[in-house]
>>> print(open('upload-v3.csv').read())   # CSV, C-alpha atoms
chain,number,residue,atom,x,y,z
T,1,MET,CA,9.8,19.4,-5.0
T,2,LYS,CA,11.1,16.0,-4.1
T,3,ASN,CA,8.7,13.6,-6.0
T,4,ARG,CA,8.3,15.0,-9.4
T,5,VAL,CA,6.6,12.0,-10.9
T,6,ILE,CA,3.9,9.8,-9.3
T,7,THR,CA,3.2,6.4,-10.8
T,8,ILE,CA,0.0,4.6,-9.8
T,9,SER,CA,-0.4,0.8,-10.3
T,10,ARG,CA,-3.8,-0.5,-9.3
T,11,GLU,CA,-6.0,-3.5,-9.0
T,12,PHE,CA,-9.1,-3.3,-11.3
T,13,GLY,CA,-11.9,-1.5,-9.5
T,14,SER,CA,-9.8,-0.1,-6.7
T,15,GLY,CA,-10.2,3.5,-7.8
T,16,GLY,CA,-6.5,3.9,-8.7
T,17,ARG,CA,-7.4,5.9,-11.9
T,18,THR,CA,-9.7,8.2,-10.0
T,19,ILE,CA,-7.1,8.7,-7.3
T,20,GLY,CA,-4.4,9.5,-9.9
T,21,LYS,CA,-6.6,12.0,-11.7
T,22,ARG,CA,-7.7,13.8,-8.5
T,23,VAL,CA,-4.1,13.9,-7.1
T,24,ALA,CA,-3.0,15.5,-10.4
T,25,GLU,CA,-5.8,18.0,-10.3
T,26,LYS,CA,-4.9,19.0,-6.7
T,27,LEU,CA,-1.3,19.4,-7.6
T,28,GLY,CA,-2.0,21.2,-10.9
T,29,ILE,CA,0.1,18.7,-12.9
T,30,PRO,CA,-1.0,16.5,-15.9
T,31,CYS,CA,-2.3,12.9,-15.4
T,32,TYR,CA,-1.4,10.5,-18.1
T,33,ASP,CA,-3.8,7.6,-18.5
T,34,ASN,CA,-6.0,7.7,-21.6
T,35,GLU,CA,-3.7,10.5,-22.8
T,36,LEU,CA,-0.9,8.0,-22.8
T,37,LEU,CA,-2.9,5.6,-25.0
T,38,LYS,CA,-3.6,8.4,-27.4
T,39,LYS,CA,0.1,9.2,-27.6
T,40,ILE,CA,1.1,5.6,-28.1
T,41,ALA,CA,-1.6,5.3,-30.8
T,42,GLU,CA,-0.2,8.3,-32.6
T,43,LYS,CA,3.4,7.0,-32.6
T,44,SER,CA,2.6,3.4,-33.4
T,45,GLY,CA,-0.2,3.7,-35.9
T,46,PHE,CA,-2.4,1.2,-33.9
T,47,GLN,CA,-5.8,2.1,-32.6
T,48,GLU,CA,-6.2,3.0,-28.9
T,49,SER,CA,-8.6,0.1,-28.2
T,50,TYR,CA,-6.0,-2.3,-29.6
T,51,ILE,CA,-3.3,-0.9,-27.4
T,52,ARG,CA,-5.5,-1.1,-24.4
T,53,ASP,CA,-6.2,-4.7,-25.1
T,54,VAL,CA,-2.6,-5.6,-25.7
T,55,GLY,CA,-1.9,-4.5,-22.1
T,56,GLU,CA,-4.5,-7.0,-20.9
T,57,TYR,CA,-5.9,-9.3,-23.5
T,58,ALA,CA,-2.7,-10.3,-25.2
T,59,PHE,CA,-1.7,-11.8,-21.8
T,60,GLY,CA,-4.9,-13.8,-21.2
T,61,GLY,CA,-4.9,-17.3,-19.7
T,62,PHE,CA,-2.0,-16.5,-17.4
T,63,LEU,CA,0.7,-16.0,-20.0
T,64,SER,CA,-0.2,-19.0,-22.0
T,65,ASN,CA,-1.2,-16.9,-25.0
T,66,ALA,CA,1.8,-14.7,-24.6
T,67,PHE,CA,4.1,-17.7,-24.8
T,68,SER,CA,2.2,-19.5,-27.5
T,69,HIS,CA,2.8,-16.5,-29.8
T,70,ARG,CA,6.5,-16.4,-29.1
T,71,GLY,CA,9.3,-18.1,-30.9
T,72,SER,CA,9.4,-15.9,-34.1
T,73,GLY,CA,10.9,-12.7,-32.7
T,74,PRO,CA,9.2,-9.6,-31.4
T,75,ASN,CA,5.4,-9.3,-31.8
T,76,ASN,CA,3.1,-6.3,-31.7
T,77,ALA,CA,3.1,-6.3,-27.9
T,78,ASP,CA,6.9,-6.0,-27.9
T,79,TYR,CA,6.8,-3.2,-30.5
T,80,LEU,CA,4.2,-1.3,-28.4
T,81,TRP,CA,6.2,-1.9,-25.2
T,82,LYS,CA,9.2,-0.2,-26.8
T,83,ILE,CA,7.2,2.9,-27.8
T,84,GLN,CA,5.6,3.0,-24.4
T,85,TYR,CA,8.9,2.7,-22.6
T,86,LYS,CA,10.4,5.6,-24.6
T,87,LEU,CA,7.2,7.7,-24.2
T,88,ILE,CA,7.0,7.3,-20.5
T,89,SER,CA,10.7,8.1,-20.0
T,90,GLU,CA,10.2,11.2,-22.1
T,91,LEU,CA,7.1,12.4,-20.2
T,92,ALA,CA,8.9,11.9,-16.9
T,93,GLU,CA,11.8,14.0,-18.1
T,94,LYS,CA,9.5,16.8,-19.3
T,95,GLY,CA,8.0,17.7,-15.9
T,96,PRO,CA,6.0,16.7,-12.8
T,97,CYS,CA,3.1,14.4,-13.7
T,98,VAL,CA,1.0,11.4,-12.6
T,99,ILE,CA,1.2,8.3,-14.7
T,100,VAL,CA,-1.5,5.6,-14.2
T,101,GLY,CA,-0.7,2.0,-15.1
T,102,ARG,CA,1.3,0.8,-18.2
T,103,CYS,CA,4.2,-0.4,-16.0
T,104,ALA,CA,5.4,3.2,-15.5
T,105,ASP,CA,6.6,2.1,-12.0
T,106,TYR,CA,9.1,-0.3,-13.7
T,107,ILE,CA,10.0,2.0,-16.5
T,108,LEU,CA,10.9,4.7,-14.0
T,109,LYS,CA,12.2,2.5,-11.3
T,110,ASP,CA,15.7,4.0,-11.2
T,111,LYS,CA,14.4,7.6,-11.0
T,112,ALA,CA,15.0,8.8,-7.5
T,113,ASP,CA,12.4,11.5,-7.8
T,114,CYS,CA,9.5,9.1,-8.6
T,115,LEU,CA,6.9,8.1,-6.0
T,116,LYS,CA,5.7,4.6,-6.8
T,117,VAL,CA,2.2,3.9,-5.5
T,118,PHE,CA,0.0,0.7,-5.6
T,119,ILE,CA,-3.7,0.9,-4.9
T,120,HIS,CA,-5.7,-2.2,-4.0
T,121,ALA,CA,-8.9,-3.2,-2.2
T,122,ASP,CA,-10.7,-6.4,-1.4
T,123,VAL,CA,-12.9,-8.0,-4.0
T,124,ALA,CA,-16.3,-7.0,-2.4
T,125,PHE,CA,-15.3,-3.3,-2.4
T,126,ARG,CA,-14.1,-3.5,-6.0
T,127,ALA,CA,-17.1,-5.5,-7.2
T,128,GLU,CA,-19.5,-2.8,-5.9
T,129,ARG,CA,-17.4,0.0,-7.4
T,130,ILE,CA,-17.0,-1.4,-10.9
T,131,VAL,CA,-20.7,-1.9,-11.3
T,132,LYS,CA,-21.2,1.7,-10.1
T,133,VAL,CA,-18.5,3.1,-12.4
T,134,TYR,CA,-18.7,0.8,-15.5
T,135,GLY,CA,-22.2,-0.7,-15.2
T,136,GLN,CA,-23.3,-4.3,-15.3
T,137,ARG,CA,-21.9,-6.8,-17.8
T,138,GLU,CA,-22.6,-10.3,-18.7
T,139,GLN,CA,-19.8,-11.5,-16.5
T,140,SER,CA,-20.2,-11.2,-12.8
T,141,PRO,CA,-18.2,-8.3,-11.3
T,142,GLU,CA,-16.1,-10.9,-9.3
T,143,GLN,CA,-15.2,-12.7,-12.5
T,144,ARG,CA,-14.3,-9.4,-14.3
T,145,ILE,CA,-12.0,-8.5,-11.4
T,146,ARG,CA,-10.3,-11.9,-11.4
T,147,ASP,CA,-9.9,-11.8,-15.1
T,148,LYS,CA,-8.5,-8.2,-15.3
T,149,ASP,CA,-6.1,-8.6,-12.4
T,150,LYS,CA,-4.7,-11.8,-13.8
T,151,ARG,CA,-4.0,-10.1,-17.1
T,152,ARG,CA,-2.5,-7.0,-15.6
T,153,ALA,CA,-0.2,-9.1,-13.3
T,154,ALA,CA,0.8,-11.3,-16.2
T,155,TYR,CA,1.6,-8.3,-18.5
T,156,HIS,CA,3.5,-6.6,-15.7
T,157,ARG,CA,5.5,-9.7,-14.9
T,158,PHE,CA,6.3,-10.5,-18.5
T,159,TYR,CA,7.8,-7.1,-19.2
T,160,THR,CA,9.4,-6.4,-15.8
T,161,ASP,CA,11.2,-8.4,-13.1
T,162,MET,CA,8.8,-7.1,-10.5
T,163,LYS,CA,6.0,-8.9,-8.8
T,164,TRP,CA,2.8,-7.0,-9.1
T,165,GLY,CA,1.4,-6.0,-5.7
T,166,HIS,CA,4.5,-6.8,-3.7
T,167,ALA,CA,5.0,-4.1,-1.1
T,168,GLN,CA,8.8,-4.1,-1.7
T,169,ASN,CA,8.3,-2.7,-5.3
T,170,TYR,CA,6.5,0.5,-4.1
T,171,ASP,CA,7.1,3.5,-1.9
T,172,LEU,CA,3.6,3.3,-0.8
T,173,THR,CA,0.7,0.9,-1.1
T,174,LEU,CA,-2.8,1.8,0.0
T,175,ASN,CA,-6.0,-0.2,0.5
T,176,SER,CA,-8.7,2.1,-0.9
T,177,GLY,CA,-11.4,-0.1,0.5
T,178,THR,CA,-10.5,0.4,4.1
T,179,LEU,CA,-8.8,3.8,3.9
T,180,GLY,CA,-11.3,5.3,1.4
T,181,VAL,CA,-10.5,7.0,-1.9
T,182,ASP,CA,-10.4,10.5,-0.4
T,183,GLN,CA,-7.9,9.5,2.2
T,184,CYS,CA,-5.7,7.9,-0.4
T,185,ILE,CA,-5.7,11.1,-2.4
T,186,GLU,CA,-4.8,13.1,0.6
T,187,ILE,CA,-1.9,10.9,1.6
T,188,ILE,CA,-0.4,10.9,-1.9
T,189,ARG,CA,-0.9,14.6,-2.3
T,190,SER,CA,0.9,15.3,1.0
T,191,LEU,CA,4.0,13.4,-0.2
F,1,MET,CA,-11.7,7.3,16.6
F,2,LYS,CA,-11.9,4.9,13.6
F,3,ASN,CA,-8.7,2.9,13.9
F,4,ARG,CA,-8.3,1.9,17.5
F,5,VAL,CA,-5.5,-0.6,17.0
F,6,ILE,CA,-2.5,-0.2,14.8
F,7,THR,CA,-0.4,-3.3,13.9
F,8,ILE,CA,3.1,-2.8,12.5
F,9,SER,CA,4.9,-5.6,10.6
F,10,ARG,CA,8.3,-4.7,9.4
F,11,GLU,CA,11.4,-5.9,7.7
F,12,PHE,CA,14.5,-6.1,9.9
F,13,GLY,CA,16.2,-2.7,10.1
F,14,SER,CA,13.4,-0.8,8.4
F,15,GLY,CA,12.7,1.3,11.5
F,16,GLY,CA,9.3,-0.3,12.0
F,17,ARG,CA,9.8,-0.5,15.8
F,18,THR,CA,10.9,3.1,16.1
F,19,ILE,CA,8.0,4.2,13.9
F,20,GLY,CA,5.5,2.2,16.1
F,21,LYS,CA,6.9,3.7,19.3
F,22,ARG,CA,6.8,7.2,18.1
F,23,VAL,CA,3.3,7.0,16.6
F,24,ALA,CA,2.1,5.6,19.9
F,25,GLU,CA,3.8,8.5,21.8
F,26,LYS,CA,2.2,11.1,19.5
F,27,LEU,CA,-1.2,9.5,19.9
F,28,GLY,CA,-0.8,9.0,23.7
F,29,ILE,CA,-1.5,5.3,23.5
F,30,PRO,CA,0.6,2.3,24.6
F,31,CYS,CA,3.0,0.5,22.2
F,32,TYR,CA,3.4,-3.2,22.7
F,33,ASP,CA,6.7,-4.6,21.6
F,34,ASN,CA,9.0,-5.6,24.3
F,35,GLU,CA,6.1,-5.3,26.7
F,36,LEU,CA,4.4,-8.0,24.8
F,37,LEU,CA,7.4,-10.3,25.3
F,38,LYS,CA,7.3,-9.6,29.0
F,39,LYS,CA,3.6,-10.5,29.2
F,40,ILE,CA,4.1,-13.7,27.2
F,41,ALA,CA,7.0,-14.6,29.5
F,42,GLU,CA,4.8,-14.1,32.6
F,43,LYS,CA,2.0,-16.2,31.3
F,44,SER,CA,4.1,-19.0,29.8
F,45,GLY,CA,7.0,-19.3,32.3
F,46,PHE,CA,9.5,-19.1,29.5
F,47,GLN,CA,12.3,-16.5,29.4
F,48,GLU,CA,11.9,-13.4,27.2
F,49,SER,CA,15.0,-14.2,25.2
F,50,TYR,CA,13.6,-17.7,24.5
F,51,ILE,CA,10.3,-16.4,23.3
F,52,ARG,CA,12.0,-13.8,21.1
F,53,ASP,CA,14.1,-16.6,19.5
F,54,VAL,CA,11.1,-18.9,19.0
F,55,GLY,CA,9.6,-16.2,16.7
F,56,GLU,CA,12.7,-16.2,14.7
F,57,TYR,CA,15.2,-19.0,15.4
F,58,ALA,CA,12.7,-21.9,15.7
F,59,PHE,CA,12.0,-21.2,12.1
F,60,GLY,CA,15.5,-21.0,10.8
F,61,GLY,CA,16.6,-22.6,7.6
F,62,PHE,CA,13.4,-21.7,5.8
F,63,LEU,CA,11.0,-23.8,7.8
F,64,SER,CA,13.2,-26.9,7.7
F,65,ASN,CA,13.7,-26.9,11.5
F,66,ALA,CA,10.0,-26.2,12.1
F,67,PHE,CA,9.0,-29.3,10.2
F,68,SER,CA,11.7,-31.5,11.5
F,69,HIS,CA,10.4,-31.0,15.0
F,70,ARG,CA,6.8,-31.8,14.0
F,71,GLY,CA,5.1,-35.1,14.1
F,72,SER,CA,4.6,-35.6,17.8
F,73,GLY,CA,1.9,-33.0,18.5
F,74,PRO,CA,2.3,-29.4,19.5
F,75,ASN,CA,5.7,-28.0,20.5
F,76,ASN,CA,6.8,-25.0,22.5
F,77,ALA,CA,6.4,-22.7,19.6
F,78,ASP,CA,2.7,-23.8,19.3
F,79,TYR,CA,2.2,-23.4,23.0
F,80,LEU,CA,3.6,-19.9,22.9
F,81,TRP,CA,1.6,-19.1,19.8
F,82,LYS,CA,-1.7,-19.8,21.7
F,83,ILE,CA,-0.7,-17.5,24.6
F,84,GLN,CA,0.4,-14.8,22.1
F,85,TYR,CA,-2.9,-15.1,20.2
F,86,LYS,CA,-5.0,-14.8,23.3
F,87,LEU,CA,-2.9,-11.9,24.7
F,88,ILE,CA,-3.0,-9.8,21.6
F,89,SER,CA,-6.7,-10.3,21.2
F,90,GLU,CA,-7.2,-9.2,24.8
F,91,LEU,CA,-4.9,-6.1,24.4
F,92,ALA,CA,-6.8,-5.1,21.3
F,93,GLU,CA,-10.1,-5.4,23.2
F,94,LYS,CA,-8.8,-3.3,26.1
F,95,GLY,CA,-8.2,-0.1,24.2
F,96,PRO,CA,-6.3,1.8,21.5
F,97,CYS,CA,-2.7,0.7,21.1
F,98,VAL,CA,0.1,0.0,18.7
F,99,ILE,CA,1.4,-3.6,18.4
F,100,VAL,CA,4.7,-4.3,16.7
F,101,GLY,CA,5.3,-7.7,15.1
F,102,ARG,CA,4.3,-11.0,16.5
F,103,CYS,CA,1.7,-11.6,13.7
F,104,ALA,CA,-0.7,-9.2,15.3
F,105,ASP,CA,-1.9,-8.3,11.8
F,106,TYR,CA,-3.1,-11.8,11.3
F,107,ILE,CA,-4.4,-12.3,14.8
F,108,LEU,CA,-6.5,-9.1,14.5
F,109,LYS,CA,-7.3,-9.5,10.8
F,110,ASP,CA,-11.1,-9.5,11.2
F,111,LYS,CA,-11.2,-6.5,13.4
F,112,ALA,CA,-12.6,-3.6,11.3
F,113,ASP,CA,-11.1,-1.0,13.5
F,114,CYS,CA,-7.5,-2.2,13.1
F,115,LEU,CA,-5.1,-0.4,10.8
F,116,LYS,CA,-2.6,-2.9,9.4
F,117,VAL,CA,0.8,-1.4,8.4
F,118,PHE,CA,3.9,-3.0,6.8
F,119,ILE,CA,7.2,-1.1,6.8
F,120,HIS,CA,10.0,-2.0,4.4
F,121,ALA,CA,13.1,-0.5,2.9
F,122,ASP,CA,15.8,-1.6,0.5
F,123,VAL,CA,18.8,-3.5,1.8
F,124,ALA,CA,21.3,-0.7,1.6
F,125,PHE,CA,19.2,1.6,3.8
F,126,ARG,CA,18.6,-1.1,6.3
F,127,ALA,CA,22.2,-2.3,6.4
F,128,GLU,CA,23.3,1.2,7.3
F,129,ARG,CA,20.5,1.6,9.9
F,130,ILE,CA,21.1,-1.7,11.8
F,131,VAL,CA,24.8,-0.9,12.2
F,132,LYS,CA,23.9,2.5,13.6
F,133,VAL,CA,21.2,1.1,15.9
F,134,TYR,CA,22.5,-2.4,16.9
F,135,GLY,CA,26.2,-2.0,16.2
F,136,GLN,CA,28.6,-4.2,14.2
F,137,ARG,CA,28.4,-8.0,14.5
F,138,GLU,CA,30.5,-10.8,13.1
F,139,GLN,CA,28.0,-11.3,10.3
F,140,SER,CA,27.8,-8.6,7.7
F,141,PRO,CA,24.7,-6.4,8.0
F,142,GLU,CA,23.4,-7.7,4.6
F,143,GLN,CA,23.6,-11.3,5.9
F,144,ARG,CA,21.9,-10.4,9.2
F,145,ILE,CA,19.1,-8.8,7.2
F,146,ARG,CA,18.6,-11.8,4.9
F,147,ASP,CA,18.7,-14.1,7.8
F,148,LYS,CA,16.2,-12.2,10.0
F,149,ASP,CA,13.7,-11.5,7.2
F,150,LYS,CA,13.7,-15.2,6.1
F,151,ARG,CA,13.0,-16.3,9.7
F,152,ARG,CA,10.2,-13.7,10.2
F,153,ALA,CA,8.6,-14.5,6.9
F,154,ALA,CA,8.8,-18.3,7.7
F,155,TYR,CA,7.3,-17.8,11.1
F,156,HIS,CA,4.5,-15.6,9.8
F,157,ARG,CA,3.7,-18.0,7.0
F,158,PHE,CA,3.7,-21.0,9.3
F,159,TYR,CA,1.1,-19.6,11.7
F,160,THR,CA,-1.0,-17.6,9.2
F,161,ASP,CA,-2.3,-18.0,5.7
F,162,MET,CA,-0.9,-14.6,4.8
F,163,LYS,CA,2.1,-13.8,2.7
F,164,TRP,CA,4.4,-11.5,4.5
F,165,GLY,CA,5.0,-8.3,2.6
F,166,HIS,CA,2.1,-8.7,0.1
F,167,ALA,CA,0.4,-5.3,-0.2
F,168,GLN,CA,-3.0,-7.0,-0.2
F,169,ASN,CA,-2.6,-8.1,3.4
F,170,TYR,CA,-2.2,-4.5,4.7
F,171,ASP,CA,-4.1,-1.2,4.7
F,172,LEU,CA,-0.9,0.6,4.1
F,173,THR,CA,2.7,-0.3,3.3
F,174,LEU,CA,5.5,2.3,3.5
F,175,ASN,CA,9.1,2.3,2.2
F,176,SER,CA,10.9,4.0,5.1
F,177,GLY,CA,14.0,4.2,3.0
F,178,THR,CA,12.5,6.5,0.3
F,179,LEU,CA,9.8,8.2,2.4
F,180,GLY,CA,11.9,8.6,5.6
F,181,VAL,CA,11.0,7.5,9.1
F,182,ASP,CA,9.5,10.9,10.0
F,183,GLN,CA,7.1,10.9,7.1
F,184,CYS,CA,6.0,7.3,7.8
F,185,ILE,CA,5.2,8.4,11.4
F,186,GLU,CA,3.2,11.3,10.1
F,187,ILE,CA,1.2,9.3,7.6
F,188,ILE,CA,0.2,6.6,10.2
F,189,ARG,CA,-0.6,9.2,12.8
F,190,SER,CA,-2.9,11.1,10.4
F,191,LEU,CA,-4.9,8.0,9.9
>>> encode(input="upload-v3.csv", output="C-alpha cells")
Amino acid sequence: MKNRVITISREFGSGGRTIGKRVAEKLGIPCYDNELLKKIAEKSGFQESYIRDVGEYAFGGFLSNAFSHRGSGPNNADYLWKIQYKLISELAEKGPCVIVGRCADYILKDKADCLKVFIHADVAFRAERIVKVYGQREQSPEQRIRDKDKRRAAYHRFYTDMKWGHAQNYDLTLNSGTLGVDQCIEIIRSL
Amino acid sequence: MKNRVITISREFGSGGRTIGKRVAEKLGIPCYDNELLKKIAEKSGFQESYIRDVGEYAFGGFLSNAFSHRGSGPNNADYLWKIQYKLISELAEKGPCVIVGRCADYILKDKADCLKVFIHADVAFRAERIVKVYGQREQSPEQRIRDKDKRRAAYHRFYTDMKWGHAQNYDLTLNSGTLGVDQCIEIIRSL
C-alpha cells in the first residue's frame, strides 16, 4: 500500500468530513475527526468544545486576536498545538488512517506515504449543504462560510508555513461542488 | 457525456502537456496545444514562435515589461488575446476536446460542461523531467522553472482575475510528482 495515511483539509460545508469518513469506511481504516478531539481532550485536560473553538475561534478577526494575546510566551492554543502535533504523528505511525483537518497535512508533510487532499466548493453549493447538514442559524449560511473559512485559514497559516487552499501544498484538490461528493470519494479511494 | 471540454493548466515541467495529449488519445478527442498556436498564427498573421513568446516573454520580469508598454492603447499581446479568446470559445462549442494552457480555464470559466484541471509538481521532479524532455540548456533547470512559472503566472493574472495555482479556480488539481503521470491521466479520463 503506497499511501498509508490520507489527510483531508476542507473548506467549511464542502463535505470534506463526510468524504473522509466514507473513504475510511470503504478502505476499512479508522477516520480521525471527532476522535482526534476526544484524544486531545484526554491528554490536555481541556474540554472538546474548547479545543474545537481554539482551532477556529482563537483565530478570529483574521489573526488580530491571535496576535493581541501574544507577547507573554505560549498560550493555550500553543499548548494544544503541541499535543495535537505529537498525537497526529503517533497516529500516522500506528497504521493506515484518514485524518480530517487539524493541520495534519502540515504535521505529516514530510511523510512520503501520506496523501494530502484539499476539498473545496463554491459558496452557493456550500451554503445549501450547511443548511441541510447543520440546520439554519441566526447568521446567513454565506456569512457562516466566510467566517469559518477565514478562521481555518488563519489558524493554518499561523501554525504552518503553508497557504491554505494552494494547489502546490496538496497531492490532490477536488471541487466537491462540480465533481460531486461520491466522485470525490471514488477518486481518493482509488489512490 | 458530462464534461465535454477539459482544460489543463500546468506548471512548467509538470507533464501537463503529456497528460493532456494522452487523455485526449484515450478519449478519442482532439488535444489543442501546438494546434492552437498554429490556428492563432493563421488568424493573426504573426509567427507561431512570436505568439508562444507573447504568452511568456511579453510578461517577463514579473509584469514590469507588460506595464511599461502600456499607456498607448492595446498592444500585440492584447490583439492576440482577443483572437485566442474567440478561437478557444469556438473550439469548445465545436465538440469535446482537451485544451492545454493559454488561459482556456478562464476563457471557458462559465461553461458548466468544462472540467478545469491544474497539474503541478515539486521543483526537483520538474527539474529532472525538463532535462529529460527538453535537454540541457545554459540556464540551470531550476532557474528555467522559476522563470517560466513566473511568466505564466503573470500572463494568466494579467488577462484574468484568477490566481494561477489556487485550488479554488479548478475542479481538480493533481501533483504529478507524487501521483505519477499515469495516475493523473487515469483520474482525468475517469471523469
>>> closest_atom_pairs(input="upload-v3.csv", of="chain T", to="chain F", cutoff="6 Å", atoms="only C-alpha atoms", output="tab-separated table")
residue	atom	partner	partner_atom	distance
T:Gly165	CA	F:Ala167	CA	5.6
T:His166	CA	F:His166	CA	4.9
T:Ala167	CA	F:Ala167	CA	4.8
T:Asp171	CA	F:Asn175	CA	4.7
T:Leu172	CA	F:Leu174	CA	4.8
T:Thr173	CA	F:Thr173	CA	5.0
T:Leu174	CA	F:Leu172	CA	4.7
T:Asn175	CA	F:Asp171	CA	4.7
>>> write_last_selection(input="upload-v3.csv", atoms="C-alpha atoms", output="CSV table (one decimal), in the coordinates of the input")
chain,number,residue,atom,x,y,z
T,165,GLY,CA,1.4,-6.0,-5.7
T,166,HIS,CA,4.5,-6.8,-3.7
T,167,ALA,CA,5.0,-4.1,-1.1
T,171,ASP,CA,7.1,3.5,-1.9
T,172,LEU,CA,3.6,3.3,-0.8
T,173,THR,CA,0.7,0.9,-1.1
T,174,LEU,CA,-2.8,1.8,0.0
T,175,ASN,CA,-6.0,-0.2,0.5
>>> residues_around(input="upload-v3.csv", residues="Ile107 in chain T", least_positions_apart="2", cutoff="8 Å", atoms="all atoms listed in the file", output="ChimeraX atom specification")
/T:85,88-89,103-105,109
>>> atom_distance(input="upload-v3.csv", atom1="CA of Val100 in chain T", atom2="CA of Arg17 in chain T")
6.3 Å
>>> closest_residue(input="upload-v3.csv", among="F:Ser49, F:Val54, F:Ile130, F:Asp78", to="Gly16 in chain F", atoms="only C-alpha atoms")
F:Ile130
>>> residues_near_point(input="upload-v3.csv", point="(7.9, -16.7, 29.5)", cutoff="12 Å", atoms="only C-alpha atoms", output="list in words")
Glu35, Leu36, Leu37, Lys38, Lys39, Ile40, Ala41, Glu42, Lys43, Ser44, Gly45, Phe46, Gln47, Glu48, Ser49, Tyr50, Ile51, Arg52, Asp53, Val54, Asn76, Ala77, Tyr79, Leu80, Trp81, Ile83 and Gln84 of chain F
>>> closest_residue(input="upload-v3.csv", among="T:Val123, T:Cys97, T:Ile19, T:Ala92", to="Asp182 in chain T", atoms="only C-alpha atoms")
T:Ile19
>>> residues_around(input="upload-v3.csv", residues="Ile185 in chain T", least_positions_apart="5", cutoff="8 Å", atoms="all atoms listed in the file", output="PDB file with C-alpha atoms, in the coordinates of the input")
ATOM      1  CA  ILE T  19      -7.100   8.700  -7.300  1.00  0.00           C
ATOM      2  CA  GLY T  20      -4.400   9.500  -9.900  1.00  0.00           C
ATOM      3  CA  ARG T  22      -7.700  13.800  -8.500  1.00  0.00           C
ATOM      4  CA  VAL T  23      -4.100  13.900  -7.100  1.00  0.00           C
TER       5      VAL T  23
END
>>> atom_distance(input="upload-v3.csv", atom1="CA of Ala127 in chain F", atom2="CA of Ala153 in chain F")
18.3 Å
